[in-house]
Each structure stands twice: as structure tokens, then as C-alpha cells.
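One structure is given here, and the rest of the page talks about it.
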Amino acid sequence: MQTIKEKNNAAFASLKGSFGYTNQMEAPTLEKVIVSAGVGSQKDKKKLELIIDRLTKITGQKPAPRGAKHSVSNFKTRQGDVVGYQITLRGKRMYDFLDRLLNIALPRTRDFRGISLKSIDEMGNYTLGIREHTIFPETADEDIKDIFGLAVTVVTSSKDNKVTKAYLTHLGFPFKKAEK
């Protein structure tokens with residue numbers, strides 16, 4: 001089975017006939033993967049430490065805190081309060097994370113039938129929402145009461161939806177069959 005890195009290197013050969021590429025630099029590539037998890041207005045330090053620990057185990061990199069941009073009294077948040085954590089993966093960690101996500105974690109999702117094509121934005125990026133962090137085998141333990149969701153954004157060098165769809169399909173993203 002080919003890894004994501006090997007498929008990324010072979011993308012030019014696969015896509016040059018469909019899109020008329022004449023130079024290898026025209027083919028899209030993976031730039032980075034951003035993993036983020038929102039914590040809302042949680043004030044419990046143990047839950048925040050648990051989220052940091054789980055994200056570190058999942059990605060292999062410590063998350064950076066993200067502060068609130070504005071104060072909102074209804075949510076009891078002040079400007080600068082930590083409302084989420086974010087990790088930017090590049091290079092080997094990015095390829096390893098995508099291999100684990102596509103080959104191990106997503107098939108473990110309950111009633112998994114593929115991921116939606118509607119999450120490709122006009123800039124050629126794909127964002128996937130994961131409801132439970134427990135689909136990753138690194139976090140499987142007995143303490144299931146604190147489950148949180150996370151978002152995975154795959155940033156590509158492509159600037160077109162069709163090219164991005166073809167490129168991600170070539171990399172092995174399991175898209176739903178019924179969607180067009």
C-alpha cells in the first residue's frame with residue numbers, strides 16, 4: 001500500500017492527462033494540515049489539560065492556544081481568553097497524520113460511508129469535521145466522559161475545486177459515491 005507521501009509525489013503523472021499539465025510544478029501539492037479543537041468557555045483546568053494531552057497524542061505536536069478576538073458577555077468570554085487549540089502540521093508529521101486519519105481513524109467511525117465533497121472551499125482547501133476524538137487509536141482509554149470534536153483542514157496549492165477533488169481522490173480520500 002502506498003503512503004500519502006508516495007501518492008503526493010506521483011500526483012503529476014496521474015493528473016497531467018486530465019488537466020493538461022506540462023510541468024511537474026503545475027500539479028497541486030499538500031502544503032499543510034491544520035488540526036483545531038474549540039473548547040468554548042470551559043474554565044475547568046483538568047478538561048483543558050486533557051484536551052491538550054489528547055491533541056498532542058493524536059498529532060505528535062503540542063497545540064498552541066487560540067484566544068477570543070472579542071469580548072462577549074453572553075458567553076462569559078473576554079478578549080484573549082483561550083477558546084480553542086490549533087496545531088499546524090508540515091512535512092513528515094503531516095504525511096504520518098494523514099496516513100493514520102485516512103487508513104485507521106476514518107474507517108473506525110461509526111456508520112462511515114465516506115466524507116462529503118461539499119467541504120472543499122473556493123481556495124482549494126478541504127475541511128473535515130470529526131465529532132469524536134476517540135476514533136484515533138492513540139486516545140482509546142477508559143475515560144470516555146470527556147469527548148470533544150476537532151476540525152482537520154488540508155491546505156493544498158490548488159486554486160480550483162475540480163483540481164482539488166481530483167487531487168484528494170488520487171491521495172485516497174474516501175469521498176461519498178452519490179455526491180457530484
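Chain labels follow the order of the C-alpha cells: the first chain is A, the next B, and so on; residue numbering restarts at 1 in every chain, and ligands are counted from 1 in their shown order.
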Select from range 38-105 of chain A every residue with an atom at most 12 Å from any atom of range 127-132 of chain A, then for each give the shortest pair of atoms and their distance in Å to one decimal, using only C-alpha atoms, rows by chain and rising number, as a tab-separated table.
residue	atom	partner	partner_atom	distance
A:Gly38	CA	A:Gly129	CA	11.7
A:Ile51	CA	A:Glu132	CA	12.0
A:Arg54	CA	A:Glu132	CA	11.5
A:Leu98	CA	A:Leu128	CA	11.9
A:Leu101	CA	A:Ile130	CA	10.5
A:Leu102	CA	A:Leu128	CA	11.5
A:Ala105	CA	A:Ile130	CA	10.0
Taking the DSSP secondary structure from the backbone, can you list the residues of chain A that are strand (DSSP E or B), as a VMD selection string? chain A and resid 30 to 38 64 to 67 72 77 82 to 89 115 120 125 to 130 150 to 156 175
Report as JSON lines the residues of range 14-100 of chain A within 12 Å of range 117-125 of chain A, each with its shortest atom pair and distance in Å (one decimal), using only C-alpha atoms, ordered by chain and increasing residue number.
{"residue": "A:Pro28", "atom": "CA", "partner": "A:Gly124", "partner_atom": "CA", "distance": 9.5}
{"residue": "A:Thr29", "atom": "CA", "partner": "A:Gly124", "partner_atom": "CA", "distance": 10.7}
{"residue": "A:Leu30", "atom": "CA", "partner": "A:Asn125", "partner_atom": "CA", "distance": 9.7}
{"residue": "A:Glu31", "atom": "CA", "partner": "A:Asn125", "partner_atom": "CA", "distance": 10.0}
{"residue": "A:Lys32", "atom": "CA", "partner": "A:Asn125", "partner_atom": "CA", "distance": 10.0}
{"residue": "A:Val33", "atom": "CA", "partner": "A:Asn125", "partner_atom": "CA", "distance": 9.7}
{"residue": "A:Ile34", "atom": "CA", "partner": "A:Asn125", "partner_atom": "CA", "distance": 10.7}
Separation of CA of Gly60 in chain A from CA of Leu106 in chain A, in Å and rounded to one decimal: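 Computed distance, CA of Gly60 in chain A to CA of Leu106 in chain A, equals 18.2 Å.
The smallest atom-to-atom distance between Leu48 in chain A and any of A:Gly17, A:Asn8, A:Glu138, A:Phe148, using only C-alpha atoms, is found for A:Phe148.
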When distances are computed from only C-alpha atoms, which of A:Ala27, A:Ile52, A:Ala11, A:Ile58 shows the smallest separation from Thr139 in chain A? A:Ile58
Proximity to Ile87 in chain A - best of A:Ser116, A:Ser36, A:Asn103, A:Asn161, only C-alpha atoms: A:Ser36
Long-range neighbours of Lys16 in chain A as a PyMOL selection string, 12 Å cut-off, only C-alpha atoms, 4 positions minimum in chain: chain A and resi 10-12+20-28+163+166-167
Dump of C-alpha atoms for the selected residues, as a PDB file, in the first residue's frame:
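File produced: result-v3.pdb:
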ATOM      1  CA  ALA A  10       3.053  10.647  -8.161  1.00  0.00           C
ATOM      2  CA  ALA A  11       0.256  13.226  -8.478  1.00  0.00           C
ATOM      3  CA  PHE A  12       1.722  14.872 -11.585  1.00  0.00           C
ATOM      4  CA  GLY A  20      -3.108  19.327 -19.341  1.00  0.00           C
ATOM      5  CA  TYR A  21      -0.133  19.832 -17.052  1.00  0.00           C
ATOM      6  CA  THR A  22       3.175  20.105 -18.898  1.00  0.00           C
ATOM      7  CA  ASN A  23       5.405  20.858 -15.912  1.00  0.00           C
ATOM      8  CA  GLN A  24       5.606  18.973 -12.621  1.00  0.00           C
ATOM      9  CA  MET A  25       5.385  22.269 -10.714  1.00  0.00           C
ATOM     10  CA  GLU A  26       1.846  22.823 -12.033  1.00  0.00           C
ATOM     11  CA  ALA A  27       0.469  19.798 -10.177  1.00  0.00           C
ATOM     12  CA  PRO A  28      -1.094  20.502  -6.772  1.00  0.00           C
ATOM     13  CA  VAL A 163      -8.462  20.049  -9.401  1.00  0.00           C
ATOM     14  CA  ALA A 166      -9.191  15.032  -8.362  1.00  0.00           C
ATOM     15  CA  TYR A 167      -6.020  15.521  -6.317  1.00  0.00           C
TER      16      TYR A 167
END
Once DSSP has gone over the backbone, tell me which residues of range 13-108 of chain A are in alpha helix (DSSP H), as an MDAnalysis selection string. chainID A and resid 13:19 45:59 91:100
Could you tell me how far CA of Arg113 in chain A sits from CA of Leu55 in chain A, in Å to one decimal place?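 Value for the CA of Leu55 in chain A-CA of Arg113 in chain A distance: 25.1 Å.
Nearest to Lys162 in chain A of all the residues A:Lys5, A:Val82, A:Phe136, A:Ser18 is A:Ser18, counting only C-alpha atoms.
Restricting the calculation to only C-alpha atoms, the smallest distance between Arg100 in chain A and any of A:Pro65, A:Phe112, A:Lys159, A:Thr59 is found for A:Thr59.
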Calculated over only C-alpha atoms, which of the candidates A:Gly40, A:Thr134, A:Lys45, A:Leu150 has the smallest distance to Asp81 in chain A?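 Result for the nearest residue to Asp81 in chain A: A:Gly40.
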What does the distance between CA of Val154 in chain A and CA of Ser14 in chain A come to in Å, to one decimal place? 19.8 Å
